[in-house]
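Structure file entry.cif (mmCIF, C-alpha atoms) follows.
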data_target
#
loop_
_atom_site.label_atom_id
_atom_site.label_comp_id
_atom_site.auth_asym_id
_atom_site.auth_seq_id
_atom_site.Cartn_x
_atom_site.Cartn_y
_atom_site.Cartn_z
CA MET R 30 -18.76 -18.37 -46.73
CA ASN R 31 -17.22 -14.94 -47.30
CA GLU R 32 -20.58 -13.57 -48.26
CA ALA R 33 -22.10 -14.92 -45.03
CA ILE R 34 -19.28 -13.31 -42.99
CA ARG R 35 -19.83 -9.97 -44.68
CA THR R 36 -23.54 -10.25 -43.95
CA GLU R 37 -22.89 -10.93 -40.27
CA MET R 38 -20.40 -8.05 -40.08
CA GLY R 39 -22.97 -5.80 -41.67
CA LYS R 40 -25.40 -6.73 -38.93
CA ALA R 41 -22.88 -5.89 -36.19
CA PRO R 42 -23.83 -2.77 -34.21
CA ASN R 43 -22.11 0.44 -35.15
CA ARG R 44 -19.92 1.38 -32.18
CA LYS R 45 -18.68 4.60 -33.74
CA LEU R 46 -21.14 6.73 -31.77
CA TYR R 47 -20.14 4.88 -28.57
CA PHE R 48 -16.42 5.66 -29.01
CA ILE R 49 -17.15 9.27 -29.95
CA THR R 50 -19.26 9.69 -26.79
CA ILE R 51 -16.52 8.19 -24.57
CA THR R 52 -13.89 10.42 -26.20
CA VAL R 53 -15.97 13.55 -25.66
CA ILE R 54 -16.59 12.65 -22.00
CA VAL R 55 -12.88 12.00 -21.35
CA LEU R 56 -11.86 15.26 -23.04
CA ALA R 57 -14.48 17.17 -21.06
CA LEU R 58 -13.18 15.67 -17.80
CA LEU R 59 -9.60 16.56 -18.73
CA ILE R 60 -10.54 20.16 -19.49
CA TRP R 61 -12.56 20.39 -16.27
CA SER R 62 -9.62 18.98 -14.26
CA PHE R 63 -7.11 21.41 -15.79
CA LEU R 64 -9.39 24.33 -14.97
CA GLY R 65 -9.15 23.37 -11.30
CA VAL R 66 -5.33 23.21 -11.29
CA ASP R 67 -3.17 26.31 -11.29
CA VAL R 68 -0.31 25.39 -13.64
CA THR R 69 2.22 28.19 -13.16
CA GLY R 70 5.29 26.32 -14.35
CA LEU R 71 8.77 26.43 -12.82
CA ASP R 72 10.30 29.63 -11.57
CA LYS R 73 14.03 30.28 -11.16
CA LYS R 74 13.96 29.30 -7.50
CA GLY R 75 12.31 25.96 -8.25
CA THR R 76 14.72 25.22 -11.08
CA GLY R 77 17.69 26.00 -8.86
CA LEU R 78 16.30 23.73 -6.15
CA ALA R 79 15.96 20.85 -8.61
CA VAL R 80 19.52 21.40 -9.85
CA ASN R 81 20.85 21.36 -6.28
CA ILE R 82 19.06 18.09 -5.51
CA VAL R 83 20.58 16.49 -8.61
CA LYS R 84 24.02 17.77 -7.59
CA GLY R 85 23.51 16.28 -4.13
CA ILE R 86 22.65 12.88 -5.62
CA VAL R 87 25.67 12.99 -7.93
CA ALA R 88 28.02 14.02 -5.12
CA PRO R 89 26.45 12.67 -1.89
CA ASP R 90 27.89 12.97 1.60
CA LEU R 91 29.51 9.53 1.76
CA GLU R 92 30.47 9.92 5.39
CA PHE R 93 26.83 10.53 6.27
CA LEU R 94 25.69 7.72 3.97
CA PHE R 95 27.95 5.11 5.60
CA ASP R 96 27.61 6.43 9.13
CA PHE R 97 26.28 3.56 11.29
CA SER R 98 25.64 5.68 14.36
CA SER R 99 22.16 6.76 15.44
CA GLN R 100 22.55 9.90 13.30
CA GLY R 101 23.56 8.17 10.07
CA VAL R 102 21.55 7.09 7.04
CA ALA R 103 21.89 3.37 7.84
CA TYR R 104 20.27 3.72 11.26
CA LEU R 105 17.53 5.99 9.92
CA LEU R 106 16.72 3.44 7.23
CA TYR R 107 16.68 0.71 9.87
CA GLU R 108 14.20 2.74 11.93
CA THR R 109 12.04 3.26 8.84
CA ILE R 110 12.01 -0.49 8.13
CA ALA R 111 11.14 -1.23 11.77
CA ILE R 112 8.20 1.20 11.70
CA ALA R 113 6.87 -0.28 8.46
CA PHE R 114 7.35 -3.88 9.62
CA LEU R 115 5.75 -3.49 13.06
CA GLY R 116 2.90 -1.43 11.62
CA THR R 117 2.24 -4.08 8.98
CA ILE R 118 2.29 -6.96 11.48
CA PHE R 119 -0.03 -5.25 13.95
CA GLY R 120 -2.33 -4.05 11.17
CA SER R 121 -2.55 -7.50 9.56
CA LEU R 122 -3.33 -9.18 12.90
CA LEU R 123 -6.08 -6.66 13.64
CA ALA R 124 -7.43 -7.08 10.11
CA ILE R 125 -8.03 -10.83 10.53
CA PRO R 126 -11.04 -10.63 12.90
CA ILE R 127 -12.31 -7.51 11.12
CA SER R 128 -12.21 -9.29 7.75
CA PHE R 129 -14.26 -12.21 9.12
CA LEU R 130 -16.79 -9.71 10.47
CA MET R 131 -16.96 -8.15 7.00
CA ALA R 132 -17.67 -11.46 5.22
CA PRO R 133 -21.43 -11.99 4.58
CA SER R 134 -20.84 -15.74 4.37
CA VAL R 135 -19.52 -15.79 7.94
CA VAL R 136 -21.69 -13.28 9.81
CA SER R 137 -25.15 -11.82 9.33
CA GLY R 138 -25.78 -9.08 6.80
CA PRO R 139 -26.18 -6.18 9.26
CA VAL R 140 -22.94 -7.06 11.08
CA ALA R 141 -21.03 -7.26 7.80
CA TYR R 142 -22.52 -3.94 6.64
CA ILE R 143 -21.65 -2.09 9.87
CA THR R 144 -18.11 -3.49 9.85
CA ARG R 145 -17.63 -2.41 6.23
CA LEU R 146 -18.75 1.11 7.13
CA PHE R 147 -16.21 1.12 9.95
CA VAL R 148 -13.43 0.08 7.57
CA ILE R 149 -14.48 2.69 5.01
CA PHE R 150 -14.23 5.33 7.73
CA ILE R 151 -10.70 4.17 8.56
CA ARG R 152 -9.68 4.25 4.90
CA THR R 153 -11.10 7.74 4.39
CA ILE R 154 -8.60 9.48 6.69
CA PRO R 155 -5.12 9.98 5.12
CA SER R 156 -2.08 8.51 6.86
CA LEU R 157 -0.57 11.96 7.43
CA VAL R 158 -3.64 12.98 9.42
CA TYR R 159 -3.33 9.85 11.54
CA GLY R 160 0.34 10.63 12.03
CA ILE R 161 -0.36 14.15 13.28
CA MET R 162 -3.08 12.84 15.60
CA PHE R 163 -0.85 10.17 17.16
CA ILE R 164 2.03 12.61 17.51
CA ARG R 165 -0.26 14.78 19.65
CA VAL R 166 -1.05 11.75 21.82
CA THR R 167 2.32 9.97 22.10
CA GLY R 168 4.72 12.71 21.08
CA PRO R 169 7.00 12.68 18.03
CA GLY R 170 8.96 9.53 17.33
CA ALA R 171 8.81 6.01 15.94
CA TYR R 172 5.96 4.90 18.23
CA ALA R 173 3.57 7.34 16.58
CA GLY R 174 4.69 5.99 13.19
CA VAL R 175 3.99 2.38 14.21
CA LEU R 176 0.49 3.26 15.45
CA THR R 177 -0.22 5.15 12.23
CA MET R 178 0.98 2.27 10.04
CA SER R 179 -1.13 -0.18 12.03
CA ILE R 180 -4.36 1.79 11.61
CA THR R 181 -3.85 2.64 7.95
CA SER R 182 -2.97 -0.98 7.12
CA ILE R 183 -6.25 -2.32 8.49
CA GLY R 184 -8.37 -0.78 5.73
CA MET R 185 -6.61 -2.24 2.70
CA ILE R 186 -5.59 -5.57 4.25
CA SER R 187 -9.06 -6.39 5.58
CA ARG R 188 -10.64 -5.65 2.19
CA LEU R 189 -8.26 -8.08 0.48
CA TYR R 190 -8.66 -10.66 3.25
CA VAL R 191 -12.44 -10.63 2.75
CA ASP R 192 -12.06 -11.52 -0.93
CA VAL R 193 -9.98 -14.56 0.05
CA ILE R 194 -12.48 -15.62 2.73
CA GLU R 195 -15.41 -15.34 0.32
CA ASN R 196 -13.59 -17.57 -2.20
CA LEU R 197 -12.96 -20.43 0.24
CA ASP R 198 -13.60 -23.94 -1.07
CA ARG R 199 -16.73 -24.84 0.87
CA GLY R 200 -16.56 -28.42 -0.39
CA VAL R 201 -13.58 -29.11 1.87
CA LEU R 202 -15.48 -27.90 4.93
CA GLU R 203 -18.56 -29.92 3.99
CA ALA R 204 -16.41 -33.03 3.59
CA MET R 205 -14.77 -32.46 6.98
CA THR R 206 -18.20 -31.97 8.56
CA SER R 207 -19.43 -35.27 7.12
CA MET R 208 -16.32 -36.92 8.60
CA GLY R 209 -17.28 -35.63 12.06
CA CYS R 210 -14.43 -33.12 12.42
CA THR R 211 -14.63 -30.61 15.23
CA THR R 212 -14.73 -26.83 14.68
CA TYR R 213 -11.07 -26.55 15.65
CA GLU R 214 -10.11 -29.25 13.15
CA LYS R 215 -12.08 -27.53 10.40
CA ILE R 216 -10.37 -24.22 11.11
CA ARG R 217 -6.92 -25.78 11.52
CA TYR R 218 -6.98 -28.15 8.54
CA GLY R 219 -9.72 -26.79 6.30
CA ILE R 220 -9.67 -22.99 6.53
CA LEU R 221 -6.16 -21.90 7.54
CA PRO R 222 -4.32 -23.83 4.77
CA GLN R 223 -6.52 -22.07 2.20
CA LEU R 224 -6.02 -18.64 3.73
CA PHE R 225 -2.38 -18.68 4.79
CA SER R 226 -0.64 -18.12 1.45
CA SER R 227 -3.03 -15.40 0.29
CA PHE R 228 -2.97 -13.65 3.66
CA LEU R 229 0.83 -13.71 3.76
CA SER R 230 1.07 -12.45 0.18
CA THR R 231 -1.24 -9.54 1.02
CA THR R 232 0.78 -8.73 4.14
CA ILE R 233 4.03 -8.63 2.17
CA TYR R 234 2.45 -6.35 -0.41
CA ARG R 235 1.22 -4.01 2.33
CA PHE R 236 4.69 -3.94 3.92
CA ASP R 237 6.08 -2.74 0.60
CA MET R 238 3.54 0.11 0.64
CA ASN R 239 4.11 0.92 4.30
CA LEU R 240 7.84 1.30 3.71
CA ARG R 241 7.14 4.23 1.40
CA ASP R 242 4.48 5.66 3.70
CA ALA R 243 6.85 5.46 6.67
CA THR R 244 9.24 7.75 4.81
CA ILE R 245 6.49 10.30 4.28
CA LEU R 246 5.36 10.06 7.91
CA GLY R 247 8.83 11.12 8.99
CA LEU R 248 8.09 14.52 7.47
CA VAL R 249 5.57 15.19 10.25
CA GLY R 250 7.82 13.79 12.99
CA ALA R 251 6.53 10.21 13.18
CA GLY R 252 10.01 8.68 13.12
CA GLY R 253 12.02 7.30 10.23
CA ILE R 254 14.15 9.02 7.65
CA GLY R 255 11.61 11.59 6.46
CA ALA R 256 12.38 14.17 9.16
CA PRO R 257 16.17 14.26 8.52
CA LEU R 258 15.41 14.57 4.81
CA ILE R 259 13.21 17.64 5.20
CA PHE R 260 15.62 19.19 7.74
CA ALA R 261 18.53 18.71 5.32
CA MET R 262 16.55 20.34 2.52
CA ARG R 263 15.56 23.30 4.67
CA SER R 264 19.20 23.76 5.71
CA TYR R 265 20.38 23.50 2.08
CA ARG R 266 22.63 20.53 2.89
CA TRP R 267 22.24 19.03 -0.55
CA ASN R 268 25.00 16.45 -0.13
CA GLN R 269 23.10 14.97 2.82
CA VAL R 270 19.87 15.11 0.81
CA GLY R 271 21.59 13.13 -1.93
CA ALA R 272 22.90 10.56 0.57
CA ILE R 273 19.41 10.06 2.06
CA LEU R 274 17.76 9.72 -1.35
CA ILE R 275 20.37 7.20 -2.50
CA GLY R 276 19.84 5.16 0.65
CA LEU R 277 16.06 5.25 0.14
CA VAL R 278 16.30 4.18 -3.49
CA ILE R 279 18.57 1.24 -2.66
CA LEU R 280 16.36 0.17 0.25
CA ILE R 281 13.13 0.30 -1.74
CA LEU R 282 14.66 -1.54 -4.70
CA VAL R 283 15.96 -4.34 -2.48
CA VAL R 284 12.64 -4.69 -0.66
CA GLU R 285 10.75 -4.58 -3.98
CA VAL R 286 12.80 -7.42 -5.47
CA ILE R 287 12.54 -9.61 -2.35
CA SER R 288 8.82 -9.00 -1.83
CA ASN R 289 8.00 -9.72 -5.48
CA LYS R 290 9.86 -13.02 -5.35
CA LEU R 291 8.17 -14.03 -2.11
CA ARG R 292 4.71 -13.10 -3.36
CA SER R 293 5.18 -14.91 -6.67
CA ARG R 294 6.26 -18.06 -4.84
CA LEU R 295 3.31 -17.86 -2.46
CA VAL R 296 0.85 -17.38 -5.32
CA SER R 297 2.34 -20.20 -7.39
CA GLY R 298 2.75 -22.47 -4.36
CA THR R 299 6.43 -23.19 -5.04
CA ASN R 300 9.10 -23.45 -2.38
#

Do you think you could lay out the structure here as structure tokens?
Amino acid sequence: MNEAIRTEMGKAPNRKLYFITITVIVLALLIWSFLGVDVTGLDKKGTGLAVNIVKGIVAPDLEFLFDFSSQGVAYLLYETIAIAFLGTIFGSLLAIPISFLMAPSVVSGPVAYITRLFVIFIRTIPSLVYGIMFIRVTGPGAYAGVLTMSITSIGMISRLYVDVIENLDRGVLEAMTSMGCTTYEKIRYGILPQLFSSFLSTTIYRFDMNLRDATILGLVGAGGIGAPLIFAMRSYRWNQVGAILIGLVILILVVEVISNKLRSRLVSGTN
């Protein structure tokens, strides 16, 4: 038996050349990437800035952190959550018809192809560019942030929705058709129950992403806590910077824990 195993192992293809080739390609890509990046290191100004940020986190402005007025961290975090939530809801609702138009099993091939090109175009433009565009149209503020979150959410959500639609159990629909069910009954009792949990899980995941993006959008004036953060840094108010960062960390951790629990329950089907 051992002799037969050795014989089979001897017949196995030699993958040494394969691994050497992959290693050389990866190293070549790394070298090529480093050549395109100017790595100048930290200067004294940058080091001092990092030290000041750490000092601000260690000794934050507690009055600013627990200020519940429209100028405090709590309200700014609330505005950031509102932008992310509304943007996610609007984006997910818009993604539903788009995802059906992207599914080859639902529509004809040309329609699905054109819709996919449209979604790729949406995904190509960064969220900051959308934010600047909407600020020009609506002016700075939370409304521009909501519009930006809605558009940027469509791309990712619709792509994930399509995967769920393509994996529908067609046997259920065929059984309902043989029973004489109407189109409404097939959608209501055959399609929606299969899609609901996966759609909701995707929406929650996108909300988690949008919460971080909403913070970045504030840097260009699209509402949220990003603008006060950059203003505090430019004014060297490191205690306020520390208070904002602490509030952001706590908010993101809480949302992360809650969203993970909700998504795991939806995936597993538990209550």

Exercise for the section: For each of R:Val249, R:Ile112, R:Ala103, R:Val191, take the minimum atom-to-atom distance to Thr144 (chain R), counting all atoms listed in the file, then give the residue where this is smallest. Expected result: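 Of R:Val249, R:Ile112, R:Ala103, R:Val191, the one nearest Thr144 (chain R) is R:Val191, counting all atoms listed in the file.
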
Exercise for the section: Find the residues around Val148 (chain R) up to 9 Å (only C-alpha atoms counted), leave out those fewer than 5 positions away in its own chain, and share them as a ChimeraX atom specification. Expected result: /R:127,131,143,153,183-185,187-188

Handout entry: Top pick for closest residue to Glu195 (chain R), considering R:Phe150, R:Tyr159, R:Tyr218, R:Phe129 and counting only C-alpha atoms
Key =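 Result for the nearest residue to Glu195 (chain R): R:Phe129.
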
Exercise for the section: Return as number ranges by chain the set of residues that the PyMOL selection byres ((chain R and resi 94) around 8) yields on the displayed structure. Expected result: R: 89-93, 95-96, 101-103, 269, 272-273, 276

Practice task
Quick one: pull the distance between CA of Ile60 (chain R) and CA of Ile154 (chain R), Å, one decimal.
Solution key: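 Answer for the CA of Ile60 (chain R) to CA of Ile154 (chain R) separation: 28.3 Å.
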
Handout entry: Residue contacts of Trp267 (chain R) (12 Å, only C-alpha atoms) excluding same-chain residues fewer than 6 positions away, as an NGL selection string
Key = :R and (77-90 or 93 or 257-261 or 273-274)

Exercise for the section: Could you tell me which residues the PyMOL selection byres ((chain R and resi 194) around 12) grabs in this file, written as a PyMOL selection string? Expected result: chain R and resi 125-136+187-193+195-199+220-225+227-228

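Here CA of Leu240 (chain R) is placed at a distance of 21.2 Å from CA of Arg294 (chain R).
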
Exercise for the section: Name the residues that the PyMOL selection byres ((chain R and resi 160-167) around 8) picks from the file above, as a ChimeraX atom specification, using the file's chain letters and numbers. Expected result: /R:156-159,168-170,172-174,176-177,246,249-251

Write out, as an mmCIF file, in the coordinates of the input, the residues just selected, with C-alpha atoms.
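So the final result, stored in result_30.cif, reads:
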data_model
loop_
_atom_site.group_PDB
_atom_site.id
_atom_site.type_symbol
_atom_site.label_atom_id
_atom_site.label_comp_id
_atom_site.auth_asym_id
_atom_site.auth_seq_id
_atom_site.Cartn_x
_atom_site.Cartn_y
_atom_site.Cartn_z
ATOM 1 C CA SER R 156 -2.080 8.510 6.860
ATOM 2 C CA LEU R 157 -0.570 11.960 7.430
ATOM 3 C CA VAL R 158 -3.640 12.980 9.420
ATOM 4 C CA TYR R 159 -3.330 9.850 11.540
ATOM 5 C CA GLY R 168 4.720 12.710 21.080
ATOM 6 C CA PRO R 169 7.000 12.680 18.030
ATOM 7 C CA GLY R 170 8.960 9.530 17.330
ATOM 8 C CA TYR R 172 5.960 4.900 18.230
ATOM 9 C CA ALA R 173 3.570 7.340 16.580
ATOM 10 C CA GLY R 174 4.690 5.990 13.190
ATOM 11 C CA LEU R 176 0.490 3.260 15.450
ATOM 12 C CA THR R 177 -0.220 5.150 12.230
ATOM 13 C CA LEU R 246 5.360 10.060 7.910
ATOM 14 C CA VAL R 249 5.570 15.190 10.250
ATOM 15 C CA GLY R 250 7.820 13.790 12.990
ATOM 16 C CA ALA R 251 6.530 10.210 13.180
#

Edge lengths and centre in Å to one decimal, as AutoDock Vina command-line options, is what I'm after for the box along x, y and z that holds all listed atoms of region 132-147 of chain R once 4 Å is added on each side.
--center_x -21.2 --center_y -7.3 --center_z 7.7 --size_x 18.0 --size_y 24.9 --size_z 14.7

Practice task
Compile the contact shell of Ile186 (chain R) as a ChimeraX atom specification: residues with an atom at most 8 Å away, counting all atoms listed in the file, same-chain residues fewer than 4 positions apart removed.
Solution key: /R:120-121,124,182,190,231-232,235

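Taking CA of Phe48 (chain R) and CA of Val66 (chain R) as endpoints, the distance between them is 27.3 Å.
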
Handout entry: Proximity to Ser293 (chain R) - best of R:Leu229, R:Ile275, R:Leu280, R:Val55, only C-alpha atoms
Key = R:Leu229

Exercise for the section: Name the residues in contact with Glu108 (chain R) at a cut-off of 6 Å, using only C-alpha atoms, excluding same-chain residues fewer than 3 positions from it; report them as an MDAnalysis selection string. Expected result: chainID R and resid 105 111 253

Practice task
Identify which of the residues R:Ala141, R:Met262, R:Arg241, R:Tyr47 lies closest to Leu282 (chain R), counting only C-alpha atoms when measuring atom-to-atom distances.
Solution key: R:Arg241

Exercise for the section: Pick out the closest residue to Val201 (chain R) from this set: R:Leu122, R:Leu248, R:Gly219, R:Thr50. Count only C-alpha atoms. Expected result: R:Gly219

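Of the listed residues R:Phe119, R:Tyr265, R:Phe114, R:Phe147, the one whose atoms come nearest to Met238 (chain R) is R:Phe114, with distances taken using only C-alpha atoms.
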